[in-house]
Amino acid sequence: MKLGFSLAEEAFRDECAAWLQDRMANAFADIRGIANLTEKIERRKEWEQELAAHRWSCIGWPEQWGGRGASLAEQVIFAEEYARAGAPGRVNHIGVELAGPTILAFGTEEQKAKFLPGIAAGTSIWCQGYSEPNAGSDLANVRTKARLEGDQWVVNGQKVWTSLAHYSDWIFVVARSEEGSKGPKGLTFLMMKLDQPGIDVVPIRQINGEAEFNETFFADARCPADSLIGTPGDGWRVAMGLLAFERGVSTLGQQMGFRNELDEIIRVARENGAARDPLIRQRIAKAEIGLRLMRYGALRMLSRTDLSAIDGAALTYKIQWATWRRDLGELAMDVLGQAGEIAEGDAYEWGMLPNLFLYSRCDTIYGGTNQIQRNQIAERGLGLPREPRGDV
Amino acid sequence: MKLGFSLAEEAFRDECAAWLQDRMANAFADIRGIANLTEKIERRKEWEQELAAHRWSCIGWPEQWGGRGASLAEQVIFAEEYARAGAPGRVNHIGVELAGPTILAFGTEEQKAKFLPGIAAGTSIWCQGYSEPNAGSDLANVRTKARLEGDQWVVNGQKVWTSLAHYSDWIFVVARSEEGSKGPKGLTFLMMKLDQPGIDVVPIRQINGEAEFNETFFADARCPADSLIGTPGDGWRVAMGLLAFERGVSTLGQQMGFRNELDEIIRVARENGAARDPLIRQRIAKAEIGLRLMRYGALRMLSRTDLSAIDGAALTYKIQWATWRRDLGELAMDVLGQAGEIAEGDAYEWGMLPNLFLYSRCDTIYGGTNQIQRNQIAERGLGLPREPRGDV
Amino acid sequence: MDFVFTDEQVMIADTVSAFLVESATSERTRAAMAADGLDRSLWASFCEDLGLAGIGVPEESGGVGLGMVEQAIVAEAAGATVAPLPLLGHAMLVRAIVAGGSHEQKDTWLSRLVSGRIVGAVARAEHWQDKGSSLSLVADFVPHGASADLIMVCGEARAWLVDAAQPQVTRIGHVTMDQTRPLATVTLTEARVEELPDGPAAIAAAEVTGLLSLSAEALGVAQEALDRTVAYSKERIQFGRPIGSFQAYKHRLADMMVLIEQARSAVYWAACALDENDADAWLALHAAKSFCADTAFMCAANMIQLHGGIGFTWEHDAHLFFKRARSIQTLMGSGNHHREKVAAMVLGEAA
Amino acid sequence: MDFVFTDEQVMIADTVSAFLVESATSERTRAAMAADGLDRSLWASFCEDLGLAGIGVPEESGGVGLGMVEQAIVAEAAGATVAPLPLLGHAMLVRAIVAGGSHEQKDTWLSRLVSGRIVGAVARAEHWQDKGSSLSLVADFVPHGASADLIMVCGEARAWLVDAAQPQVTRIGHVTMDQTRPLATVTLTEARVEELPDGPAAIAAAEVTGLLSLSAEALGVAQEALDRTVAYSKERIQFGRPIGSFQAYKHRLADMMVLIEQARSAVYWAACALDENDADAWLALHAAKSFCADTAFMCAANMIQLHGGIGFTWEHDAHLFFKRARSIQTLMGSGNHHREKVAAMVLGEAA
């Protein structure tokens with residue numbers, strides 16, 4: 001058991017730090033520090049391409065597909081230096097971290113050749129279509145339908161919470177391809193071009209006044225017959241595999257964003273005197289401890305040799321960070337005091353901390369509510385009997 | 001809506017306060033302030049009889065049966081003055097607050113004449129036999145059996161958590177009288193003399209080292225055929241009615257005990273400097289607020305005109321006080337610091353505050369666990385659908 | 001001792017609740033949110049049709065002369081609908097003038113306030129410059145301050161009435177997280193003011209009214225968050241069952257109810273204690289404000305969480321309750337502040 | 001960077017766990033509880049058969065020369081069985097002598113401690129009277145202090161070894177809530193002592209060892225409380241179903257697991273940080289002690305609650321875990337104390 005890095009790894013750190021810091025100080029200084037999903041999208045697409053041009057866009061992938069076959073330690077280092085340099089949130093997060101690994105794991109050679117280069121090059125931006133309005137936490141309750149017509153899949157239905165769909169080129173969709181099937185059976189995992197007449201994307205405004213999520217409507221939307229991953233009816237297995245990729249090295253990058261938020265709270269607390277309040281101090285300490293434990297939890301999770309095994313640290317990660325960030329939002333408001341209730345400008349737009357407070361209310365819901373996480377932990381992690389399903 | 005008392009009520013207060021304070025200062029000074037259930041039992045039985053001799057033992061009962069037909073306000077006043085005078089915990093609590101009201105509500109005139117005078121006089125001490133080892137929270141899962149043999153009921157089985165059974169004269173027992181019945185059907189509510197060869201009482205030692213609860217074994221235990229309340233098979237309804245009586249004026253007396261515990265914490269905190277700690281101060285404030293809200297919740301509950309209606313304040317009372325007291329126990333230990341971990345003498349016996357810490361772990365379990373309370377609140381109070389019952 | 005509503009109080013509660021449920025609709029609230037957070041037509045009909053704006057005013061001054069229990073009943077109903085009304089500042093101002101105003105001030109202002117012809121607000125300033133009849137100061141975070149016609153400004157033990165229409169008064173209405181009660185910065189630059197003869201009485205009346213109103217409002221928010229979530233949980237099906245049949249879901253709703261029942265006791269304890277001049281009135285107010293605000297926040301947060309994805313959208317009303325609950329927590333002293341007051345009292349320390 | 005156990009560490013964990021599960025049975029623990037809270041025969045076989053009492057001692061001094069990760073592994077296993085062993089004081093004392101003792105002291109004491117021939121403890125005193133070679137003081141709350149043969153007494157930056165057998169040393173063993181690790185008051189009245197040449201190093205070594213051991217012990221307590229409750233929940237039937245199938249029950253167990261996973265990260269982060277001389281080692285220790293102790297308490301309290309009535313009986317083991325968890329919270333600084341240290345660090349204040 002060892003936390004430190006080797007000399008070679010530290011040399012790798014120097015290399016990527018130098019490259020990242022140069023870009024953020026010069027050519028891409030205008031997008032330094034952007035954390036949210038929707039700001040300066042075009043410049044950030046250019047940044048994706050700049051990363052790709054120097055083979056930094058997906059370093060964990062095999063060299064054949066534009067990666068570096070980087071070790072875990074190297075990926076950890078890159079994530080740390082990426083954040084330390086203030087490089088912006090990755091607009092192609094879903095392509096690089098979810099779509100790509102899924103295609104690598106389950107796709108055919110043709111699919112790899114067709115899709116991976118665009119992702120690696122930062123020219124194909126991806127989003128995901130899982131949730132549906134009537135399904136909620138019951139992910140397998142898919143009503144969107146896909147039928148094969150000649151050499152094309154024809155898709156009808158509706159997805160919801162498709163974040164960034166309005167800026168994306170591709171969407172992966174889980175659709176019901178077997179008439180009359182129920183639950184996880186009879187689903188197919190399709191990759192579709194968004195820019196087509198059959199797909200309509202409608203943004204959903206959230207509690208913070210912004211719109212990062214969308215409803216996506218499919219009316220005779222089409223894709224070629226070979227756009228499926230796996231086999232028809234096998235989509236649930238693929239989708240579940242993909243969800244597992246959500247807990248990869250990118251969590252460390254996410255944590256760097258959390259670090260910035262906590263640092264800002266600490267700065268404000270020192271400035272406005274809240275840091276003298278022993279009750280605030282306890283909560284700052286708890287936040288710091290929680291963030292550190294997230295980091296070491298992620299390292300434990302990533303250090304596993306058998307990545308497919310059910311692992312406590314991996315199973316508990318989502319509820320842990322979502323709850324931590326929700327509590328951080330409340331701390332932020334308590335540190336700000338009444339000033340936190342007032343926007344700086346004339347629009348309903350919020351600075352980092354009030355936005356954290358509002359947006360973190362989504363964190364405990366999307367991507368599996370805290371309740372669903374607890375069910376999963378109890379049933380998969382502790383082996384407790386499943387809750388009886390109803391038949392309404 | 002009015003909290004204050006009338007002049008006549010204040011005169012009543014003066015009367016009972018004078019009587020109680022005289023007794024506690026003189027004839028019964030030796031049992032002043034005893035809170036637990038097991039200390040100086042013989043003297044406390046004498047105290048019950050002293051109360052009865054002056055018609056203070058069950059003032060809410062009709063005059064015919066030894067009460068005073070006291071108004072709610074008078075009962076509240078008496079409970080307050082009883083505690084203020086430092087009068088000891090009532091050893092016949094179950095007789096006066098549960099058995100008596102049940103007999104008054106559901107018993108025949110013969111039963112009233114047979115049982116009520118002894119309770120009112122403080123000469124018959126009662127305990128209750130509900131829970132069974134394999135039933136736990138599933139109160140209706142009764143396995144103790146009763147069969148009618150000639151003019152007697154013959155009872156076989158086992159009850160558990162029968163508090164004070166070792167000092168009691170009578171026990172009421174819910175037993176299964178219909179062979180093959182299940183759940184709440186086929187139960188009968190019996191009143192049995194404890195002092196007989198068929199009943200064996202075995203104390204259970206608890207986490208705090210003391211034994212207030214018992215296991216009670218029935219092996220061909222007997223009682224006359226007319227010892228049942230209601231009709232054979234109707235015991236569940238009677239038992240549920242009885243549980244409702246648990247939330248009467250005696251809750252105010254219980255709260256006076258809580259008051260003493262919180263006051264002792266405040267005293268220690270001031271003495272050892274813990275009261276200077278802002279975190280401790282917040283918790284003391286929360287405890288004080290919680291205790292006050294318990295009082296006003298009880299007054300709301302008691303002020304209802306329709307006592308049979310489901311009422312939010314009544315439904316939530318058990319979990320409220322049990323959780324409050326559990327938190328109080330943790331506060332007590334944090335105020336005491338390491339000194340709280342050490343007993344004063346050479347035996348495993350604890351002073352008020354460490355005992356509070358340990359014993360309060362039972363509070364959230366006996367008489368309906370916090371989990372069961374929440375089920376009840378959700379299903380009876382909020383009308384949510386019942387949890388499906390299994391068939392294992 | 002009779003700790004239930006009288007028949008008259010039940011009638012007031014039913015009336016005000018029916019009025020607000022019918023009139024303070026989500027559509028109207030959202031229209032007010034897009035403007036200055038005040039539905040003037042709703043306020044007019046609250047004052048004229050309902051006639052409950054004069055609860056705190058004696059009948060001889062044109063009011064209905066009712067007590068704090070009735071004040072709490074109205075605030076509770078307003079909280080339950082997150083109504084965009086200037087009730088908080090109105091109630092504080094009216095009771096302040098009754099408690100500390102001169103005869104002339106009562107004559108001049110009370111009937112206009114009670115009839116809804118003018119809107120009132122209350123502000124507090126740390127520093128001020130007093131030149132006899134003119135006053136200069138800056139007051140932050142004034143609820144509905146940008147919409148008010150008459151503002152009472154409090155500075156330590158003194159209180160002044162300010163006509164907001166004069167050019168020496170500027171108001172900046174801020175975009176506020178809770179758009180149903182926006183905050184404003186009010187600046188007086190040698191403004192004409194009239195001082196209330198009994199400043200301490202006026203300030204105390206405003207303060208107890210404000211704390212009680214916020215507590216009762218919080219109770220309304222909490223209860224409505226629970227009721228709406230319970231209703232949703234019986235309709236919404238997941239995994240083939242109404243979500244309200246899942247035990248963990250139930251237990252969260254039960255926890256909300258446990259807190260709300262205590263919050264209800266707190267509000268009406270405080271209201272009675274004020275009406276009956278009980279020695280514990282301040283203890284009750286500190287208890288009510290801290291407990292009810294936290295309860296409202298917990299319940300509104302659960303309302304979002306238990307509605308799932310729809311719960312965090314702008315389109316659903318859950319965020320209105322959530323933001324109102326948060327603003328109640330912050331207004332007039334945090335929960336920790338009020339608990340610290342309680343601690344000082346029970347530890348026997350001087351105030 | 002490789003944040004998993006090495007094969008050797010897995011082997012140590014398996015070995016010590018198997019030994020304690022087999023030997024530190026509830027029966028033996030209860031026998032020790034009725035006496036002085038120390039199972040001497042268990043300790044002897046821990047030292048002799050297992051050979052793990054010398055983890056903190058270099059091989060040249062008769063130890064096995066392993067690091068803090070291994071120390072934590074042993075403490076975790078001991079916590080999981082609430083074993084009545086003097087491990088805490090032993091580990092603290094041994095590492096203190098290694099860090100701050102003279103050659104003679106190492107030669108004299110380490111092998112005797114490691115072999116289990118003598119039992120060690122560590123005490124702290126606020127005041128003392130030092131007359132050259134003799135010392136007078138009173139030290140409270142010394143874990144296993146009444147059973148120890150050799151006691152290190154710490155006073156600010158100085159540390160002394162005391163042979164507890166001399167008549168100038170009196171120990172009062174107290175009836176302690178956690179009977180598996182009773183506390184004692186140790187009084188020295190002009191007792192013969194030998195000072196450790198590097199007091200600060202000895203004290204620091206004892207402190208970090210103690211904090212890490214308590215954290216790891218807490219992790220063991222928490223995990224075992226969860227495991228036993230999970231097992232019970234699969235067996236126990238209520239309302240016709242295993243209680244573990246009820247969602248609210250499940251969610252509480254899930255919450256325990258979420259905390260325990262974090263506690264595990266905390267313990268081994270701190271252990272690695274100490275072994276690797278990382279600058280964050282103290283931050284990690286404060287984090288681990290506060291987080292793990294609270295986690296253990298929460299899990300042990302849930303263990304009682306989720307067992308229902310049987311859970312609060314003397315006969316069931318749940319109260320042993322509960323009382324151990326509470327004592328870990330109190331020993332060597334409360335959670336609030338350690339979090340305040342963390343706050344001072346992250347707020348950039350001087351220590």
# chains A, B, ... in the order shown; residues from 1 in each chain; ligands from 1
>>> interface_residues(of="chain D", to="chain B", cutoff="8 Å", atoms="only C-alpha atoms", output="PyMOL selection string")
chain D and resi 141+174-178+183+237-242+248+301+304-305+308-309+312-315+319+327+330-331
>>> select_by_dssp(residues="stretch 56-124 of chain C", states="alpha helix (DSSP H)", output="number ranges by chain")
C: 68-80, 87-100, 103-105, 111-114
>>> write_last_selection(atoms="C-alpha atoms", output="PDB file, in the first residue's frame")
ATOM      1  CA  MET C  68     -51.039  36.945  17.971  1.00  0.00           C
ATOM      2  CA  VAL C  69     -52.751  33.589  17.545  1.00  0.00           C
ATOM      3  CA  GLU C  70     -54.748  35.085  14.676  1.00  0.00           C
ATOM      4  CA  GLN C  71     -51.598  36.747  13.329  1.00  0.00           C
ATOM      5  CA  ALA C  72     -49.959  33.338  13.241  1.00  0.00           C
ATOM      6  CA  ILE C  73     -52.968  31.748  11.571  1.00  0.00           C
ATOM      7  CA  VAL C  74     -52.771  34.244   8.702  1.00  0.00           C
ATOM      8  CA  ALA C  75     -49.001  33.918   8.322  1.00  0.00           C
ATOM      9  CA  GLU C  76     -49.263  30.128   8.305  1.00  0.00           C
ATOM     10  CA  ALA C  77     -51.755  30.216   5.457  1.00  0.00           C
ATOM     11  CA  ALA C  78     -49.633  32.703   3.537  1.00  0.00           C
ATOM     12  CA  GLY C  79     -46.600  30.471   3.932  1.00  0.00           C
ATOM     13  CA  ALA C  80     -48.525  27.465   2.668  1.00  0.00           C
ATOM     14  CA  LEU C  87     -47.498  40.577   4.897  1.00  0.00           C
ATOM     15  CA  LEU C  88     -44.304  40.383   6.905  1.00  0.00           C
ATOM     16  CA  GLY C  89     -43.416  44.065   6.711  1.00  0.00           C
ATOM     17  CA  HIS C  90     -47.064  45.042   6.959  1.00  0.00           C
ATOM     18  CA  ALA C  91     -47.675  43.150  10.180  1.00  0.00           C
ATOM     19  CA  MET C  92     -44.444  44.393  11.718  1.00  0.00           C
ATOM     20  CA  LEU C  93     -45.120  48.000  10.790  1.00  0.00           C
ATOM     21  CA  VAL C  94     -48.738  48.025  11.881  1.00  0.00           C
ATOM     22  CA  ARG C  95     -47.995  46.564  15.291  1.00  0.00           C
ATOM     23  CA  ALA C  96     -45.025  48.882  15.712  1.00  0.00           C
ATOM     24  CA  ILE C  97     -47.166  51.961  15.129  1.00  0.00           C
ATOM     25  CA  VAL C  98     -49.821  50.630  17.498  1.00  0.00           C
ATOM     26  CA  ALA C  99     -47.190  49.985  20.171  1.00  0.00           C
ATOM     27  CA  GLY C 100     -44.974  53.042  19.796  1.00  0.00           C
ATOM     28  CA  HIS C 103     -52.003  59.503  18.189  1.00  0.00           C
ATOM     29  CA  GLU C 104     -51.362  61.479  15.024  1.00  0.00           C
ATOM     30  CA  GLN C 105     -49.247  58.724  13.556  1.00  0.00           C
ATOM     31  CA  SER C 111     -56.166  53.031   8.280  1.00  0.00           C
ATOM     32  CA  ARG C 112     -54.221  53.566   5.073  1.00  0.00           C
ATOM     33  CA  LEU C 113     -52.091  50.508   5.792  1.00  0.00           C
ATOM     34  CA  VAL C 114     -55.019  48.344   6.858  1.00  0.00           C
TER      35      VAL C 114
END
>>> closest_atom_pairs(of="chain D", to="chain C", cutoff="9 Å", atoms="only C-alpha atoms", output="Markdown table")
| residue | atom | partner | partner_atom | distance |
| --- | --- | --- | --- | --- |
| D:Phe246 | CA | C:Gln247 | CA | 6.7 |
| D:Gln247 | CA | C:Gln247 | CA | 5.2 |
| D:Ala248 | CA | C:Ala248 | CA | 4.1 |
| D:Tyr249 | CA | C:Ala248 | CA | 7.9 |
| D:Lys250 | CA | C:Ala248 | CA | 8.5 |
| D:His251 | CA | C:Ala248 | CA | 7.0 |
>>> write_last_selection(atoms="N, CA, C and O atoms", output="CSV table (one decimal), in the first residue's frame")
chain,number,residue,atom,x,y,z
D,246,PHE,N,-36.9,-5.0,4.3
D,246,PHE,CA,-37.7,-3.7,4.4
D,246,PHE,C,-36.7,-2.6,4.1
D,246,PHE,O,-35.6,-2.5,4.5
D,247,GLN,N,-37.3,-1.7,3.2
D,247,GLN,CA,-36.4,-0.7,2.6
D,247,GLN,C,-35.8,0.3,3.6
D,247,GLN,O,-34.6,0.6,3.5
D,248,ALA,N,-36.5,0.7,4.7
D,248,ALA,CA,-36.0,1.6,5.6
D,248,ALA,C,-34.8,1.0,6.4
D,248,ALA,O,-33.8,1.6,6.7
D,249,TYR,N,-35.0,-0.3,6.7
D,249,TYR,CA,-33.9,-1.1,7.3
D,249,TYR,C,-32.7,-1.1,6.4
D,249,TYR,O,-31.5,-0.9,6.8
D,250,LYS,N,-32.9,-1.5,5.2
D,250,LYS,CA,-31.9,-1.5,4.2
D,250,LYS,C,-31.1,-0.2,4.1
D,250,LYS,O,-29.9,-0.2,4.0
D,251,HIS,N,-31.8,0.9,4.1
D,251,HIS,CA,-31.2,2.2,3.9
D,251,HIS,C,-30.3,2.5,5.0
D,251,HIS,O,-29.3,3.2,4.9
>>> atom_distance(atom1="atom CA of C:Glu224", atom2="atom CA of B:Gly248")
28.9 Å
>>> residues_around(residues="stretch 60-67 of chain A", least_positions_apart="5", cutoff="9 Å", atoms="only C-alpha atoms", output="ChimeraX atom specification")
/A:52,55,72,74-75,100-101,104,112-113,116-117,120-121
>>> write_last_selection(atoms="C-alpha atoms", output="short mmCIF file (atom, residue, chain, number, x, y, z; two decimals), in the first residue's frame")
data_model
loop_
_atom_site.label_atom_id
_atom_site.label_comp_id
_atom_site.auth_asym_id
_atom_site.auth_seq_id
_atom_site.Cartn_x
_atom_site.Cartn_y
_atom_site.Cartn_z
CA ALA A 52 -6.34 15.74 -29.01
CA ARG A 55 -2.63 13.24 -27.44
CA LEU A 72 -3.55 4.50 -13.40
CA GLU A 74 -0.42 8.65 -14.79
CA GLN A 75 -4.13 9.18 -15.23
CA GLY A 100 -15.62 5.70 -25.79
CA PRO A 101 -15.00 3.11 -23.07
CA LEU A 104 -13.95 -0.08 -26.58
CA LYS A 112 -14.31 1.42 -33.03
CA ALA A 113 -12.91 2.66 -36.31
CA LEU A 116 -13.39 6.42 -31.57
CA PRO A 117 -11.30 8.74 -33.75
CA ALA A 120 -10.41 11.18 -29.44
CA ALA A 121 -10.07 14.12 -31.81
#
>>> select_by_dssp(residues="stretch 133-321 of chain C", states="strand (DSSP E or B)", output="ChimeraX atom specification")
/C:134-143,150-155,158-163,169-173,176,183-195,237-238,241-242,313
>>> residues_around(residues="D:Gly244", least_positions_apart="3", cutoff="6 Å", atoms="only C-alpha atoms", output="PyMOL selection string")
(chain A and resi 384) or (chain D and resi 233-234+250)
>>> write_last_selection(atoms="all heavy atoms", output="PDB file, in the first residue's frame")
ATOM      1  N   LEU A 384     -28.651  -7.873   0.636  1.00  0.00           N
ATOM      2  CA  LEU A 384     -29.967  -7.944   1.284  1.00  0.00           C
ATOM      3  C   LEU A 384     -31.041  -8.299   0.254  1.00  0.00           C
ATOM      4  O   LEU A 384     -30.883  -8.037  -0.939  1.00  0.00           O
ATOM      5  CB  LEU A 384     -30.277  -6.604   1.948  1.00  0.00           C
ATOM      6  CG  LEU A 384     -29.337  -6.308   3.121  1.00  0.00           C
ATOM      7  CD1 LEU A 384     -29.494  -4.871   3.589  1.00  0.00           C
ATOM      8  CD2 LEU A 384     -29.590  -7.266   4.267  1.00  0.00           C
TER       9      LEU A 384
ATOM     10  N   SER D 233     -30.273  -9.498   9.948  1.00  0.00           N
ATOM     11  CA  SER D 233     -31.405  -9.013   9.150  1.00  0.00           C
ATOM     12  C   SER D 233     -31.832 -10.011   8.088  1.00  0.00           C
ATOM     13  O   SER D 233     -32.931  -9.919   7.562  1.00  0.00           O
ATOM     14  CB  SER D 233     -31.054  -7.679   8.493  1.00  0.00           C
ATOM     15  OG  SER D 233     -30.288  -7.896   7.323  1.00  0.00           O
ATOM     16  N   LYS D 234     -30.945 -10.920   7.751  1.00  0.00           N
ATOM     17  CA  LYS D 234     -31.337 -11.949   6.773  1.00  0.00           C
ATOM     18  C   LYS D 234     -32.062 -13.113   7.440  1.00  0.00           C
ATOM     19  O   LYS D 234     -32.814 -13.826   6.790  1.00  0.00           O
ATOM     20  CB  LYS D 234     -30.095 -12.452   6.021  1.00  0.00           C
ATOM     21  CG  LYS D 234     -29.461 -11.379   5.135  1.00  0.00           C
ATOM     22  CD  LYS D 234     -28.174 -11.866   4.472  1.00  0.00           C
ATOM     23  CE  LYS D 234     -27.552 -10.732   3.644  1.00  0.00           C
ATOM     24  NZ  LYS D 234     -26.205 -11.087   3.143  1.00  0.00           N
ATOM     25  N   LYS D 250     -32.930  -1.470   5.153  1.00  0.00           N
ATOM     26  CA  LYS D 250     -31.850  -1.509   4.163  1.00  0.00           C
ATOM     27  C   LYS D 250     -31.087  -0.200   4.081  1.00  0.00           C
ATOM     28  O   LYS D 250     -29.870  -0.180   3.981  1.00  0.00           O
ATOM     29  CB  LYS D 250     -32.465  -1.698   2.770  1.00  0.00           C
ATOM     30  CG  LYS D 250     -32.751  -3.066   2.385  1.00  0.00           C
ATOM     31  CD  LYS D 250     -33.263  -3.032   0.946  1.00  0.00           C
ATOM     32  CE  LYS D 250     -33.764  -4.380   0.573  1.00  0.00           C
ATOM     33  NZ  LYS D 250     -34.323  -4.398  -0.772  1.00  0.00           N
TER      34      LYS D 250
END
>>> closest_residue(among="B:Glu80, B:Asp30, B:Glu178, B:Asp277", to="chain A", atoms="only C-alpha atoms")
B:Asp277
>>> residues_around(residues="stretch 123-139 of chain C", least_positions_apart="2", cutoff="6 Å", atoms="only C-alpha atoms", output="PyMOL selection string")
chain C and resi 142+153-155+185-193
>>> write_last_selection(atoms="N, CA, C and O atoms", output="short mmCIF file (atom, residue, chain, number, x, y, z; two decimals), in the first residue's frame")
data_model
loop_
_atom_site.label_atom_id
_atom_site.label_comp_id
_atom_site.auth_asym_id
_atom_site.auth_seq_id
_atom_site.Cartn_x
_atom_site.Cartn_y
_atom_site.Cartn_z
N VAL C 142 -33.95 44.67 2.96
CA VAL C 142 -35.29 45.03 3.43
C VAL C 142 -36.34 44.28 2.60
O VAL C 142 -36.45 44.49 1.39
N VAL C 153 -37.82 52.77 9.78
CA VAL C 153 -36.40 52.48 9.88
C VAL C 153 -36.04 52.42 11.36
O VAL C 153 -36.38 53.33 12.12
N CYS C 154 -35.39 51.35 11.75
CA CYS C 154 -35.01 51.19 13.16
C CYS C 154 -33.50 51.30 13.29
O CYS C 154 -32.75 50.73 12.51
N GLY C 155 -33.09 52.04 14.29
CA GLY C 155 -31.67 52.12 14.61
C GLY C 155 -31.54 52.04 16.11
O GLY C 155 -32.03 52.92 16.82
N THR C 185 -32.13 47.38 -0.96
CA THR C 185 -31.29 48.29 -0.19
C THR C 185 -31.96 49.65 -0.21
O THR C 185 -32.28 50.18 -1.27
N VAL C 186 -32.19 50.18 0.98
CA VAL C 186 -32.90 51.47 1.10
C VAL C 186 -31.91 52.52 1.60
O VAL C 186 -31.25 52.31 2.62
N THR C 187 -31.78 53.61 0.84
CA THR C 187 -30.84 54.66 1.23
C THR C 187 -31.59 55.97 1.49
O THR C 187 -32.38 56.41 0.64
N LEU C 188 -31.37 56.57 2.63
CA LEU C 188 -31.95 57.87 2.96
C LEU C 188 -30.84 58.91 2.91
O LEU C 188 -29.79 58.73 3.55
N THR C 189 -31.05 59.97 2.16
CA THR C 189 -30.07 61.04 2.11
C THR C 189 -30.75 62.33 2.56
O THR C 189 -31.45 62.98 1.80
N GLU C 190 -30.56 62.65 3.82
CA GLU C 190 -31.28 63.78 4.42
C GLU C 190 -32.77 63.71 4.11
O GLU C 190 -33.38 64.68 3.65
N ALA C 191 -33.32 62.58 4.36
CA ALA C 191 -34.75 62.36 4.09
C ALA C 191 -35.59 62.91 5.23
O ALA C 191 -35.15 62.94 6.39
N ARG C 192 -36.79 63.36 4.89
CA ARG C 192 -37.73 63.78 5.91
C ARG C 192 -38.27 62.53 6.60
O ARG C 192 -38.69 61.57 5.94
N VAL C 193 -38.28 62.55 7.92
CA VAL C 193 -38.77 61.40 8.69
C VAL C 193 -39.57 61.91 9.86
O VAL C 193 -39.43 63.06 10.27
#
>>> closest_residue(among="A:Leu302, A:Ala146, A:Ile280, A:Ala275", to="chain B", atoms="only C-alpha atoms")
A:Ile280
>>> closest_residue(among="B:Ala225, B:Ala105, B:Leu262, B:Val96", to="B:Arg292", atoms="only C-alpha atoms")
B:Leu262
>>> atom_distance(atom1="atom CA of A:Glu42", atom2="atom CA of A:Cys16")
23.8 Å
>>> residues_around(residues="D:Lys289", least_positions_apart="4", cutoff="8 Å", atoms="only C-alpha atoms", output="VMD selection string")
chain D and resid 211 to 212 214 to 215 285 293 335 338
>>> residues_around(residues="C:Ser147", least_positions_apart="6", cutoff="12 Å", atoms="only C-alpha atoms", output="VMD selection string")
chain C and resid 32 35 to 40 84 to 86 89 to 90 118 to 122 164 to 165 170 to 174 181 to 186
>>> atom_distance(atom1="atom CA of A:Thr231", atom2="atom CA of A:Thr123")
27.1 Å
>>> closest_residue(among="B:Thr102, B:Thr316, B:Gln128, B:Gln158", to="B:Lys145", atoms="only C-alpha atoms")
B:Gln158
